[in-house]
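These notes concern the structure reproduced below.
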Amino acid sequence: MISKKMLITRDTFDQLILPVYKPASFIPVKGKGSRIWDQQGKEYIDFSGGIAVTSLGHCHSLLNKKLNNQSKILWHISNVFTNEPALRLAEKLVSSSFASRVFFANSGAEANEAAFKLARYYSSKIYSINKNKIISFHNSFHGRTFFTVSVGGQSKYSNNFGPKPSGIIHALFNDINSVKKIINNDTCAIVVEPIQGEGGVIPANVSFIKKLRELCDQYNALLIFDEIQTGIGRTGKLFAYEYYDVNPDILTLAKSLGGGFPISAMLTTNKIASVMRPGIHGTTYGGNPLACAVAESVIDIINTEKILLGVEKKSKIIIRELNIINKRFKFFTEIRGKGLLIGVVLKPSISDKINKILNFSFLEGVIFLSAGHDVIRLAPSLIIKKCDIIEGMKRFYHALEKCLS
Ligand SMILES: *Cc1c(COP(=O)(O)O)cnc(C)c1O
């Protein structure tokens, strides 16, 4: 038996939690802005943002207020009813995007699951039951439910779970010819991340996205943008698709949307939504008033010129600092991404040391993520302070110095 007064340590994780993660050796207990503190009171500067989630930093005062207020009014009501925060949030998403319809869910995978089901349902109703093939890309990531992980282009995540859903084909990212070779009248959708996030922070080329749109139009297939990582200001625009001058038919959001409160959304057009009927798809928690109230505030704060231009400015400062660091160490071959989704590519001779670099950074009090096998990923708060950036980069410098010796 574990007593009530049990001492919680990292060992407790190893005893009690399904071992599908390997968390850091320290346990964060408190966060404010871009800083977090562990059990021992050690302070860290957070460039991971809870994996591109805490878009307004930790415990933002306006989000705290919104959550507290809503918690006194209505927590949960289910989709047997609708609720005011969900409707207000839907209005905000629709008025600031290509979309006219919203479906709320709780995680990225669930939003993508809804997107893929919608694409297949729409195509089977409007065209033919055979029009169900989904084209996705190698190295892509779309979540961990069995459908979404199978659509994702990293088989290491989908193998050994029995028969996979069929009708999914993977093409090469940023290679339009590889798509042309496999697209046909049975294709119901192409799904793409405007910037492959987990795969290594790899931006899609503008011409590639434009040609995907053309191919989708030519074959009556739907274009799905997975903006779970890039959406809600992360790239310096509210949606990354705005950089491409191309509208998707379906778009999914999660991570930044709730600023740390679990929520996701699938956006689409009236035309595509029109095939749906009550009962065809659903979720118990989707549109939860607490989550929607917080997300409303997240959008109100982020969807302003000040914050979005600030993302660009902060991005420039970080990239400048990273370049200065690289003058000394010459560890990075490329710094890529958009806005505050930044990937630092390690040169091949040190790419196997990525975990060592992350761990030394923890020791110095600065937190980064990895992406792919050789990329250090930065996805900090969109309002990270300049002084936190400078101090964080100083700590990174010291970490790399210790890594060398
Ligand atoms: C994180 C992520 C997902 C999965 O989101 P979950 O909330 O973990 O289910 C899907 N697609 C992309 C692009 C992501 O970055």
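Chain labels follow the order of the structure tokens: the first chain is A, the next B, and so on; residue numbering restarts at 1 in every chain, and ligands are counted from 1 in their shown order.
For ligand 1, the neighbouring protein, DNA and RNA residues, which are those within 8 Å when only C-alpha atoms and all ligand atoms are counted, are Ile51, Asn106, Ser107, Gly108, Ala109, Glu110, Ala111, Asn112, Ser140, Phe141, His142, Gly143, Arg144, Thr145, Glu193, Gln196, Gly197, Glu198, Asp226, Glu227, Ile228, Gln229, Thr230, Ala254, Lys255, Pro262 and Ser264 of chain A.
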Export of the given selection (N, CA and C atoms) as an mmCIF file, in the first residue's frame:
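Result file is result.cif:
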data_model
loop_
_atom_site.group_PDB
_atom_site.id
_atom_site.type_symbol
_atom_site.label_atom_id
_atom_site.label_comp_id
_atom_site.auth_asym_id
_atom_site.auth_seq_id
_atom_site.Cartn_x
_atom_site.Cartn_y
_atom_site.Cartn_z
ATOM 1 N N ILE A 51 5.483 20.868 -24.937
ATOM 2 C CA ILE A 51 5.387 20.440 -26.339
ATOM 3 C C ILE A 51 4.440 21.365 -27.124
ATOM 4 N N ASN A 106 -10.888 16.633 -27.542
ATOM 5 C CA ASN A 106 -10.043 16.838 -26.364
ATOM 6 C C ASN A 106 -8.558 16.718 -26.599
ATOM 7 N N SER A 107 -8.179 16.085 -27.689
ATOM 8 C CA SER A 107 -6.751 15.909 -27.969
ATOM 9 C C SER A 107 -6.552 16.004 -29.471
ATOM 10 N N GLY A 108 -5.291 16.157 -29.843
ATOM 11 C CA GLY A 108 -4.973 16.263 -31.259
ATOM 12 C C GLY A 108 -5.419 15.028 -32.028
ATOM 13 N N ALA A 109 -5.094 13.871 -31.476
ATOM 14 C CA ALA A 109 -5.442 12.626 -32.167
ATOM 15 C C ALA A 109 -6.944 12.553 -32.422
ATOM 16 N N GLU A 110 -7.706 12.990 -31.456
ATOM 17 C CA GLU A 110 -9.163 12.913 -31.586
ATOM 18 C C GLU A 110 -9.686 13.869 -32.667
ATOM 19 N N ALA A 111 -9.044 15.031 -32.791
ATOM 20 C CA ALA A 111 -9.435 15.970 -33.849
ATOM 21 C C ALA A 111 -9.091 15.380 -35.212
ATOM 22 N N ASN A 112 -7.912 14.753 -35.315
ATOM 23 C CA ASN A 112 -7.538 14.131 -36.595
ATOM 24 C C ASN A 112 -8.419 12.936 -36.910
ATOM 25 N N SER A 140 5.519 11.948 -41.026
ATOM 26 C CA SER A 140 4.492 12.812 -40.436
ATOM 27 C C SER A 140 4.029 12.242 -39.097
ATOM 28 N N PHE A 141 3.361 13.081 -38.330
ATOM 29 C CA PHE A 141 2.806 12.644 -37.047
ATOM 30 C C PHE A 141 1.396 13.190 -36.900
ATOM 31 N N HIS A 142 0.439 12.291 -36.628
ATOM 32 C CA HIS A 142 -0.951 12.738 -36.523
ATOM 33 C C HIS A 142 -1.651 12.241 -35.274
ATOM 34 N N GLY A 143 -0.914 11.661 -34.331
ATOM 35 C CA GLY A 143 -1.541 11.232 -33.087
ATOM 36 C C GLY A 143 -1.361 9.745 -32.853
ATOM 37 N N ARG A 144 -1.920 9.240 -31.731
ATOM 38 C CA ARG A 144 -1.643 7.870 -31.303
ATOM 39 C C ARG A 144 -2.853 6.952 -31.264
ATOM 40 N N THR A 145 -4.039 7.432 -31.642
ATOM 41 C CA THR A 145 -5.115 6.455 -31.803
ATOM 42 C C THR A 145 -4.723 5.580 -32.993
ATOM 43 N N GLU A 193 1.022 18.246 -42.536
ATOM 44 C CA GLU A 193 1.389 19.274 -41.553
ATOM 45 C C GLU A 193 2.112 20.392 -42.318
ATOM 46 N N GLN A 196 6.203 19.893 -40.544
ATOM 47 C CA GLN A 196 6.267 18.630 -39.803
ATOM 48 C C GLN A 196 6.923 18.915 -38.453
ATOM 49 N N GLY A 197 6.170 18.670 -37.372
ATOM 50 C CA GLY A 197 6.662 19.029 -36.041
ATOM 51 C C GLY A 197 7.505 17.931 -35.428
ATOM 52 N N GLU A 198 6.842 16.852 -34.973
ATOM 53 C CA GLU A 198 7.569 15.749 -34.328
ATOM 54 C C GLU A 198 8.640 15.182 -35.265
ATOM 55 N N ASP A 226 -3.103 19.443 -40.854
ATOM 56 C CA ASP A 226 -2.945 19.162 -39.429
ATOM 57 C C ASP A 226 -2.136 20.313 -38.833
ATOM 58 N N GLU A 227 -2.866 21.255 -38.225
ATOM 59 C CA GLU A 227 -2.208 22.421 -37.602
ATOM 60 C C GLU A 227 -2.222 22.295 -36.080
ATOM 61 N N ILE A 228 -2.194 21.054 -35.620
ATOM 62 C CA ILE A 228 -2.221 20.821 -34.177
ATOM 63 C C ILE A 228 -1.007 21.461 -33.507
ATOM 64 N N GLN A 229 0.129 21.428 -34.194
ATOM 65 C CA GLN A 229 1.330 22.042 -33.620
ATOM 66 C C GLN A 229 1.555 23.469 -34.129
ATOM 67 N N THR A 230 1.114 23.759 -35.354
ATOM 68 C CA THR A 230 1.433 25.068 -35.958
ATOM 69 C C THR A 230 0.347 26.116 -35.733
ATOM 70 N N ALA A 254 -5.033 21.781 -31.817
ATOM 71 C CA ALA A 254 -5.067 21.292 -30.431
ATOM 72 C C ALA A 254 -4.042 22.098 -29.643
ATOM 73 N N LYS A 255 -2.887 21.508 -29.430
ATOM 74 C CA LYS A 255 -1.817 22.073 -28.595
ATOM 75 C C LYS A 255 -2.019 23.518 -28.086
ATOM 76 N N PRO A 262 -6.682 20.821 -21.839
ATOM 77 C CA PRO A 262 -6.897 19.942 -22.987
ATOM 78 C C PRO A 262 -8.138 20.323 -23.801
ATOM 79 N N SER A 264 -9.288 20.269 -28.336
ATOM 80 C CA SER A 264 -8.906 20.274 -29.748
ATOM 81 C C SER A 264 -10.130 20.616 -30.573
#
request  = Compile the contact shell of segment 161-164 of chain A as a PyMOL selection string: residues with an atom at most 9 Å away, counting only C-alpha atoms, same-chain residues fewer than 4 positions apart removed.
outcome  = chain A and resi 146-147+150
Just N, CA and C atoms for this one: save the residues we selected as a short mmCIF file (atom, residue, chain, number, x, y, z; two decimals), in the first residue's frame.
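Saved file out_18.cif follows:
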data_model
loop_
_atom_site.label_atom_id
_atom_site.label_comp_id
_atom_site.auth_asym_id
_atom_site.auth_seq_id
_atom_site.Cartn_x
_atom_site.Cartn_y
_atom_site.Cartn_z
N PHE A 146 -5.36 4.43 -33.13
CA PHE A 146 -4.82 3.49 -34.12
C PHE A 146 -4.99 3.98 -35.56
N PHE A 147 -6.09 4.68 -35.82
CA PHE A 147 -6.29 5.26 -37.15
C PHE A 147 -5.26 6.36 -37.40
N SER A 150 -1.70 5.21 -37.74
CA SER A 150 -1.50 4.50 -39.01
C SER A 150 -1.39 5.49 -40.17
#
ask   = Out of segment 77-289 of chain A, which residues get helix (DSSP H, G or I) from DSSP, as JSON, numbers by chain?
value = {"A": [84, 85, 86, 87, 88, 89, 90, 91, 92, 93, 94, 95, 108, 109, 110, 111, 112, 113, 114, 115, 116, 117, 118, 119, 120, 121, 122, 123, 124, 125, 126, 146, 147, 148, 149, 150, 151, 155, 156, 157, 176, 177, 178, 179, 180, 206, 207, 208, 209, 210, 211, 212, 213, 214, 215, 216, 217, 218, 240, 241, 242, 243, 255, 256, 257, 258, 270, 271, 272, 273, 289]}
Residue among A:Ser381, A:Ser166, A:Thr54, A:Ser25 lying closest to Gly258 of chain A, counting only C-alpha atoms =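 Among the listed residues, the smallest separation from Gly258 of chain A belongs to A:Thr54.
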key: A:Ser100, A:Asn355, A:Asn130, A:Thr283 ranked by distance to Ile250 of chain A, top pick (using only C-alpha atoms)   = A:Ser100
Between atom CA of Val53 of chain A and atom CA of Gly260 of chain A - distance in Å to one decimal =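 Between atom CA of Gly260 of chain A and atom CA of Val53 of chain A the gap works out to 5.6 Å.
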Non-local contacts of Gly57 of chain A (9 Å; only C-alpha atoms; under 4 positions in same chain excluded) as a compact mmCIF listing (two decimals) with N, CA, C and O atoms, in the first residue's frame:
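Okay, around_10.txt is ready:
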# COMPACT_ATOMS: atom_id res chain seq x y z
N GLY A 31 4.94 26.56 -12.18
CA GLY A 31 5.36 27.31 -13.36
C GLY A 31 4.77 28.70 -13.35
O GLY A 31 3.66 28.92 -12.85
N LYS A 32 5.52 29.64 -13.87
CA LYS A 32 5.01 31.01 -14.02
C LYS A 32 5.70 31.61 -15.24
O LYS A 32 6.94 31.62 -15.30
N GLY A 33 4.91 32.08 -16.20
CA GLY A 33 5.51 32.61 -17.43
C GLY A 33 6.34 31.54 -18.11
O GLY A 33 5.88 30.42 -18.31
N SER A 34 7.59 31.86 -18.42
CA SER A 34 8.46 30.88 -19.09
C SER A 34 9.43 30.21 -18.13
O SER A 34 10.44 29.67 -18.55
N ARG A 35 9.11 30.27 -16.84
CA ARG A 35 10.00 29.60 -15.88
C ARG A 35 9.24 28.52 -15.11
O ARG A 35 8.04 28.68 -14.82
N ASP A 46 11.90 27.61 -19.79
CA ASP A 46 11.17 26.59 -20.54
C ASP A 46 11.02 26.99 -22.02
O ASP A 46 10.23 27.86 -22.36
N GLY A 49 7.59 24.53 -23.73
CA GLY A 49 6.17 24.92 -23.71
C GLY A 49 5.23 23.73 -23.61
O GLY A 49 4.16 23.72 -24.22
N VAL A 53 2.44 23.66 -26.29
CA VAL A 53 1.08 23.76 -25.76
C VAL A 53 0.86 25.06 -24.95
O VAL A 53 -0.11 25.79 -25.18
N GLY A 259 -3.85 26.46 -24.39
CA GLY A 259 -2.77 27.01 -23.57
C GLY A 259 -2.38 26.08 -22.42
O GLY A 259 -1.75 26.50 -21.45
N GLY A 260 -2.75 24.82 -22.51
CA GLY A 260 -2.42 23.86 -21.45
C GLY A 260 -3.66 23.15 -20.91
O GLY A 260 -3.56 22.12 -20.25
N PRO A 380 8.62 27.65 -27.36
CA PRO A 380 8.35 28.33 -26.09
C PRO A 380 7.02 29.07 -26.10
O PRO A 380 6.32 29.10 -27.12
N SER A 381 6.72 29.67 -24.99
CA SER A 381 5.56 30.56 -24.89
C SER A 381 5.68 31.64 -25.96
O SER A 381 6.76 32.13 -26.26
N LEU A 382 4.54 32.00 -26.55
CA LEU A 382 4.54 33.04 -27.59
C LEU A 382 4.83 34.41 -26.99
O LEU A 382 5.09 35.36 -27.71
N ILE A 383 4.76 34.50 -25.66
CA ILE A 383 5.04 35.79 -25.02
C ILE A 383 6.26 35.67 -24.09
O ILE A 383 6.37 36.41 -23.12
N ILE A 384 7.15 34.76 -24.43
CA ILE A 384 8.38 34.62 -23.63
C ILE A 384 9.11 35.97 -23.62
O ILE A 384 9.19 36.66 -24.64
query = Taking the backbone alone, and naming residues the way the document does, which bits of segment 196-343 of chain A are strand (DSSP E or B) by DSSP, as an MDAnalysis selection string?
reply = chainID A and resid 196 202:203 222:226 250:253 264:268 332:338 341:343
Based on the selection just made, write N, CA and C atoms of those residues as a compact mmCIF listing (two decimals), in the first residue's frame.
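Once written, selection.txt looks like this:
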# COMPACT_ATOMS: atom_id res chain seq x y z
N GLN A 196 6.20 19.89 -40.54
CA GLN A 196 6.27 18.63 -39.80
C GLN A 196 6.92 18.92 -38.45
N ILE A 202 10.18 20.46 -40.05
CA ILE A 202 10.50 20.60 -41.47
C ILE A 202 9.35 21.32 -42.17
N PRO A 203 9.58 22.56 -42.61
CA PRO A 203 8.50 23.31 -43.26
C PRO A 203 8.19 22.75 -44.66
N LEU A 222 -10.14 15.87 -50.53
CA LEU A 222 -10.12 16.96 -49.56
C LEU A 222 -8.68 17.19 -49.07
N LEU A 223 -8.35 18.45 -48.87
CA LEU A 223 -7.03 18.79 -48.34
C LEU A 223 -7.17 19.06 -46.84
N ILE A 224 -6.48 18.24 -46.06
CA ILE A 224 -6.55 18.38 -44.60
C ILE A 224 -5.21 18.94 -44.10
N PHE A 225 -5.25 20.06 -43.39
CA PHE A 225 -4.05 20.57 -42.74
C PHE A 225 -4.09 20.20 -41.27
N ASP A 226 -3.10 19.44 -40.85
CA ASP A 226 -2.94 19.16 -39.43
C ASP A 226 -2.14 20.31 -38.83
N ILE A 250 -10.31 20.95 -44.51
CA ILE A 250 -10.46 20.57 -43.10
C ILE A 250 -9.16 20.97 -42.41
N LEU A 251 -9.28 21.46 -41.19
CA LEU A 251 -8.07 21.85 -40.44
C LEU A 251 -8.24 21.40 -38.99
N THR A 252 -7.17 20.86 -38.43
CA THR A 252 -7.25 20.43 -37.02
C THR A 252 -6.32 21.26 -36.14
N LEU A 253 -6.79 21.50 -34.92
CA LEU A 253 -6.07 22.30 -33.93
C LEU A 253 -6.06 21.55 -32.61
N SER A 264 -9.29 20.27 -28.34
CA SER A 264 -8.91 20.27 -29.75
C SER A 264 -10.13 20.62 -30.57
N ALA A 265 -9.88 20.93 -31.83
CA ALA A 265 -10.98 21.31 -32.70
C ALA A 265 -10.69 20.87 -34.12
N MET A 266 -11.75 20.53 -34.83
CA MET A 266 -11.66 20.27 -36.27
C MET A 266 -12.53 21.31 -36.96
N LEU A 267 -11.96 21.99 -37.92
CA LEU A 267 -12.67 23.05 -38.65
C LEU A 267 -12.93 22.59 -40.07
N THR A 268 -14.10 22.93 -40.60
CA THR A 268 -14.36 22.58 -42.00
C THR A 268 -15.38 23.56 -42.59
N PHE A 332 25.65 23.03 -35.14
CA PHE A 332 24.37 23.05 -35.87
C PHE A 332 24.63 23.21 -37.37
N THR A 333 23.91 22.41 -38.15
CA THR A 333 24.04 22.57 -39.61
C THR A 333 22.92 23.44 -40.17
N GLU A 334 21.82 23.56 -39.42
CA GLU A 334 20.71 24.35 -39.94
C GLU A 334 19.81 24.77 -38.78
N ILE A 335 19.25 25.97 -38.89
CA ILE A 335 18.23 26.41 -37.94
C ILE A 335 17.00 26.69 -38.78
N ARG A 336 15.90 25.95 -38.54
CA ARG A 336 14.75 26.08 -39.45
C ARG A 336 13.45 26.15 -38.67
N GLY A 337 12.36 26.35 -39.40
CA GLY A 337 11.05 26.47 -38.76
C GLY A 337 10.45 27.81 -39.09
N LYS A 338 9.48 28.22 -38.28
CA LYS A 338 8.76 29.46 -38.55
C LYS A 338 8.27 29.99 -37.21
N LEU A 341 8.33 28.04 -33.61
CA LEU A 341 8.54 26.60 -33.77
C LEU A 341 9.87 26.47 -34.52
N ILE A 342 10.92 26.23 -33.74
CA ILE A 342 12.28 26.32 -34.28
C ILE A 342 12.98 24.97 -34.12
N GLY A 343 13.62 24.52 -35.19
CA GLY A 343 14.39 23.28 -35.14
C GLY A 343 15.85 23.57 -35.37
remark   = Among A:Lys237, A:Lys180, A:Leu346, A:Cys59, Asn326 of chain A is approached most closely, using only C-alpha atoms, by A:Leu346
message = Using only C-alpha atoms, can you tell me which of A:Ile209, A:Ile317, A:Leu290, A:Ile376 comes closest to Leu358 of chain A?
response =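 Counting only C-alpha atoms, the residue closest to Leu358 of chain A is A:Ile376.
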query = Any idea what's packed within 8 Å of segment 210-214 of chain A, counting only C-alpha atoms, ignoring anything in its chain fewer than 6 positions away? Could you give it as an MDAnalysis selection string?
reply = chainID A and resid 176 190 223 244:246 248
Give me a file of those residues, with N, CA, C and O atoms, as a short mmCIF file (atom, residue, chain, number, x, y, z; two decimals), in the first residue's frame.
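For reference, out-v7.cif as written:
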data_model
loop_
_atom_site.label_atom_id
_atom_site.label_comp_id
_atom_site.auth_asym_id
_atom_site.auth_seq_id
_atom_site.Cartn_x
_atom_site.Cartn_y
_atom_site.Cartn_z
N ILE A 176 6.29 16.52 -54.84
CA ILE A 176 4.96 16.47 -55.45
C ILE A 176 4.84 15.29 -56.42
O ILE A 176 3.76 14.71 -56.57
N ILE A 190 -5.88 14.23 -48.79
CA ILE A 190 -4.44 14.33 -48.52
C ILE A 190 -4.31 15.07 -47.19
O ILE A 190 -4.95 16.11 -46.99
N LEU A 223 -8.35 18.45 -48.87
CA LEU A 223 -7.03 18.79 -48.34
C LEU A 223 -7.17 19.06 -46.84
O LEU A 223 -7.93 19.95 -46.43
N TYR A 244 0.68 30.22 -46.93
CA TYR A 244 0.71 29.48 -48.19
C TYR A 244 -0.31 29.97 -49.20
O TYR A 244 -0.33 29.52 -50.33
N ASP A 245 -1.18 30.87 -48.75
CA ASP A 245 -2.16 31.41 -49.67
C ASP A 245 -3.04 30.29 -50.24
O ASP A 245 -3.43 30.32 -51.41
N VAL A 246 -3.28 29.28 -49.43
CA VAL A 246 -4.06 28.11 -49.85
C VAL A 246 -5.01 27.78 -48.71
O VAL A 246 -4.59 27.74 -47.56
N PRO A 248 -7.35 25.03 -46.76
CA PRO A 248 -7.64 23.60 -46.69
C PRO A 248 -9.16 23.39 -46.72
O PRO A 248 -9.93 24.37 -46.67
#
message = What's the separation between atom CA of Asp352 of chain A and atom CA of Leu18 of chain A, in Å to one decimal place?
response = 26.3 Å
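Counting from atom CA of His58 of chain A, the distance to atom CA of His76 of chain A is 23.8 Å.
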query = Between A:Asn69, A:Thr148, A:Gln154, A:Pro85, which has the minimum distance to Gly372 of chain A (counting only C-alpha atoms)?
reply = A:Gln154
message = I'd like the contact shell of Val179 of chain A - 9 Å cut-off, only C-alpha atoms, skipping same-chain residues fewer than 5 positions apart - returned as a list in words.
response =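 So the residues in contact are Ile135, His170, Ala171, Leu172, Phe173, Leu212 and Leu215 of chain A.
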Output file for the residues above (C-alpha atoms, as a compact mmCIF listing (two decimals), in the first residue's frame):
# COMPACT_ATOMS: atom_id res chain seq x y z
CA ILE A 135 -2.56 10.10 -48.73
CA HIS A 170 2.44 7.48 -47.71
CA ALA A 171 4.19 9.82 -50.13
CA LEU A 172 7.38 11.83 -49.71
CA PHE A 173 7.04 15.20 -47.98
CA LEU A 212 -1.33 19.60 -53.29
CA LEU A 215 -4.16 17.88 -57.14
